[in-house]
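*Asks:* Just passing along the structure, written as structure tokens.
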Amino acid sequence: MKVPNFVRCAVISAFLIGTFVSAQTPQETKPSVSQPPPRLTSQAAVPQQPQQTRPQLTKEDVAAFLDGVVPIQLQKGDIAGAVVAVVKDGQVLFAKGYGFSDMKSRKPVSVDDTLFRPGSISKTFTWTAVMQLVEQGKIDLDRDVNEYIDFKIPAPFGKPVTMRDLMTHTPGWQEVIKELFVADASELYPLDRYLKKRLPKQIFPPGTTPAYSNYGAALAGYIVSRISGMPFEEYVGKNILQPLSMAHSTFVQPLPDNLKPLMSEGYDNASQPAKKFEFVEAYPAGSLSASAADMARFMIAHLQNGEYQGNRILKPETAQLMHSRVFGLAPEMNGMAYGFYEETANGHRIIGHGGDTQWFHSDMHLMPDQNLGFFVSYNSAGKEGSPRNILWQNFLDRYYPYSPPGAETVASAESDRKSLVGNYWSSRRSDTTVISAGSLLGQEKISVNPDGTISLTFSRDFAGNLKHFREIAPMLFREEHGQSRLAFVEDYAGRRIIVTDFPVLVLQPVPWWKVGKFNLTILIFAVAMFALMLIFLPINALLRRHYGQRLELSMEYRRARRWVCVVCVLNLGLLAALGIWIAMAQNNIGLLSSRFDGRLRVVEVLALLDVLGAFVGIWYFVRTWQEADLWFWTKVWSMLLMLACLGYAFFLVNWHLFNFSVNY
């Protein structure tokens with residue numbers, strides 16, 4: 001499943017330390033389901049090149065290309081193994097395993113027999129199952145999902161959540177990560193229990209704002225189960241895996257006995273010990289284990305409008321509907337199909353999906369106009385992160401070379417640029433839980449460059465350099481010498497937001513009280529004051545003893561000073577507790593589960609004491625200024641310490657670390 005970059009990366013940043021990573025005019029009604037994808041203009045056509053200079057998409061050339069790139073990626077990134085499958089015109093053009101599925105035994109990766117975890121690519125199976133029931137008339141894409149389930153989803157904005165909203169990641173829910181993964185099979189429990197316990201708060205009106213949701217995909221899987229009358233994993237096995245002869249694929253956890261020996265180990269780095277099998281509680285969103293050969297069959301079926309070797313999983317009209325654009329906030333930008341998202345590049349409309357568990361990192365791309373599919377998966381995070389994007393872009397550039405068209409000068413360019421400067425954050429976030437602090441370090445900033453372009457903080461090229469975007473149409477920017485785009489539009493609330501090439505989320509303006517630089521300044525100042533107070537207090541005592549100086553201080557002042565020292569210890573203790581929790585979760589995200597509820601309660605108690613500590617800081621400040629014998633700068637110090645206590649309390653409340661809920 002998409003683990004941000006949101007849960008490997010976003011979990012760590014999510015807890016304030018520190019998933020993508022790892023999609024605007026306001027839309028009151030959904031785009032018509034028959035709306036065609038954006039047509040490519042003649043300017044966007046692939047430039048004609050001499051035939052002899054353009055590599056041909058043949059089995060031999062693809063093999064030479066991938067054999068020259070992937071092994072270097074594995075070695076350079078400290079990655080154990082990978083699989084790549086390329087399909088073309090209903091056939092497997094190329095499929096190969098690289099490296100090892102088990103570093104200890106040096107077991108090589110096999111395309112046919114080695115299972116990888118494609119993470120959120122699992123969702124495309126869930127959405128395929130949904131569309132099977134749509135074509136049978138058992139699911140209405142625009143009906144309130146409450147009609148299909150046995151619990152109630154509130155509608156705080158007066159608009160129900162529909163299946164179309166789930167498939168386009170627009171149900172409006174905030175992010176939830178608790179028990180997305182669990183540490184052990186014994187902690188897995190029925191899907192309905194997970195859904196009822198972890199229902200997210202709705203922070204956007206349904207159908208208005210893309211915000212990637214694992215919960216939404218899990219709910220769709222539950223609806224499939226209820227309507228079909230069989231467990232979700234059984235339904236997918238019977239209606240998708242079996243017709244496609246995907247004998248080495250399953251949603252079942254733990255793995256069936258016949259597949260366990262085939263499962264690749266997962267790694268952080270290949271040079272480190274293997275990690276345990278990852279158990280996904282929201283399993284329709286990401287529990288698939290599959291071989292690359294099986295994923296090739298799935299790609300062929302979708303590219304052939306639901307058919308593979310005479311077996312059909314979708315009617316042609318249903319498959320075409322599923323692949324069509326259904327939601328987008330800017331017509332020039334990538335949008336959502338039914339579960340797939342657009343990845344248009346190099347002059348071709350591409351749909352696909354990415355997927356990450358903590359240790360496996362995968363991508364699946366479908367290019368319908370070329371009847372081409374590309375699947376890649378790595379069994380390690382690697383030292384530099386998964387190189388899948390680099391591999392895919394180089395593949396495109398080799399076989400479908402492209403140069404972006406020129407653009408005319410925009411008259412309002414300078415005023416447009418200045419109006420866009422500011423801080424933005426992802427719509428995929430938590431607004432009300434303890435993990436809301438994840439938005440603190442992940443904020444983007446638009447800045448204007450001397451050359452008249454703009455840059456976005458985390459939008460960088462493969463070399464790590466900031467991309468420069470130049471305005472090519474009113475409020476539409478394109479990367480210089482590249483294809484990445486940014487569009488600035490108004491959302492349902494009239495706010496100017498950023499639509500990027502990744503259509504499952506948007507970037508929204510950050511309220512001033514949530515701006516990262518402002519909040520981090522408060523936090524750093526407060527922590528420095530608390531630490532210095534604890535350091536200087538005994539030093540001052542030793543200096544007074546050394547020089548024989550004795551202060552005549554009231555008992556009440558001494559009491560206030562002792563209590564403010566206790567507050568400083570508690571404040572620093574809370575950060576230490578959070579840091580330990582985060583470090584443990586970074587190594588095993590499955591620990592973000594109910595087993596830590598007791599420790600989270602301790603953190604909540606510490607946060608409560610720290611907020612109350614602000615009153616102790618005020619008391620200490622007042623008593624200090626009432627002491628005649630104290631040095632003036634000591635009184636100034638007490639004022640700064642009071643401000644630190646107040647700022648720290650503001651920080652805890654602002655980021656919901658002062659919270660009495662164990663749901664996140």
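Letters A, B, ... go to the chains of the structure tokens in the order shown; residues in each chain start at 1; ligands are counted from 1 in the same order.
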Just want the 9 Å neighbourhood of Lys76 (chain A), counted on only C-alpha atoms, with same-chain residues fewer than 5 positions away dropped. Output as a ChimeraX atom specification.
*Replies:* /A:71,382-384
*Asks:* Tell me, which residues of region 225-426 of chain A carry DSSP helix (DSSP H, G or I), written as a PyMOL selection string?
*Replies:* chain A and resi 225-228+232-241+260-262+283-285+292-303+316-323+368-370+388-399+413-420
*Asks:* Using only C-alpha atoms for the distances, tell me which of A:Ser264, A:Gln174, A:Gln626, A:Thr209 is nearest to Lys104 (chain A).
*Replies:*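 Between A:Ser264, A:Gln174, A:Gln626, A:Thr209, the residue approaching Lys104 (chain A) most closely is A:Ser264.
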*Asks:* Which residue is closest to Gly354 (chain A)? Choose from A:Pro405, A:Thr58, A:Gln370, A:Asn389 and count only C-alpha atoms.
*Replies:*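 Among the listed residues, A:Asn389 lies closest to Gly354 (chain A).
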*Asks:* Where in region 311-518 of chain A does DSSP assign strand (DSSP E or B), given as a PyMOL selection string?
*Replies:* chain A and resi 311-312+327+336+341-342+345+348+351-356+361-367+372-378+380+422-426+444-448+454-456+460+466+469-473+476-479+485-490+496-499+505+507-509
*Asks:* Any idea what the distance is between CA of Phe298 (chain A) and CA of Arg312 (chain A)?
*Replies:* 11.1 Å
*Asks:* Smallest atom-to-atom distance to Val62 (chain A): which of A:Leu74, A:Leu288, A:Ala95, A:Met230, using only C-alpha atoms?
*Replies:* A:Ala95
*Asks:* Quick one: of A:Leu553, A:Leu520, A:Leu191, A:Ala649, who's nearest to Tyr283 (chain A), counting only C-alpha atoms?
*Replies:* A:Leu191
*Asks:* Considering only C-alpha atoms, state which residue in the set A:Lys514, A:His481, A:Arg428, A:Arg164 is at the smallest distance from Tyr338 (chain A).
*Replies:*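 Residue with the minimum atom-to-atom distance to Tyr338 (chain A): A:Arg164.
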*Asks:* What does the distance between CA of Asp369 (chain A) and CA of Ala330 (chain A) come to in Å, to one decimal place?
*Replies:* 22.4 Å
*Asks:* Write out as number ranges by chain which residues come within 8 Å of Trp425 (chain A) when counting only C-alpha atoms, dropping same-chain ones fewer than 3 positions away.
*Replies:* A: 439, 442-444, 507-510
*Asks:* Would you write out those residues with C-alpha atoms, as a short mmCIF file (atom, residue, chain, number, x, y, z; two decimals), in the first residue's frame?
*Replies:*
data_model
loop_
_atom_site.label_atom_id
_atom_site.label_comp_id
_atom_site.auth_asym_id
_atom_site.auth_seq_id
_atom_site.Cartn_x
_atom_site.Cartn_y
_atom_site.Cartn_z
CA SER A 439 2.50 17.71 8.61
CA GLY A 442 6.49 17.71 5.30
CA GLN A 443 5.38 21.18 4.29
CA GLU A 444 6.25 22.51 0.84
CA LEU A 507 -1.24 20.76 -1.82
CA GLN A 508 -3.23 23.26 0.22
CA PRO A 509 -2.17 26.55 1.84
CA VAL A 510 -0.99 26.17 5.43
#
*Asks:* If you count only C-alpha atoms, which residues fall within 8 Å of Gly221 (chain A), apart from same-chain ones fewer than 2 positions away, as JSON, numbers by chain?
*Replies:* {"A": [126, 130, 217, 218, 219, 223, 224, 225, 232, 284, 285]}
*Asks:* What's the separation between CA of Ser436 (chain A) and CA of His656 (chain A), in Å to one decimal place?
*Replies:*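 Separating CA of Ser436 (chain A) from CA of His656 (chain A) is a distance of 6.7 Å.
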*Asks:* Could you give me, as a PyMOL selection string, the residues within 8 Å of region 456-460 of chain A, counting only C-alpha atoms and dropping anything in the same chain fewer than 3 positions from it?
*Replies:* chain A and resi 444-447+463-467
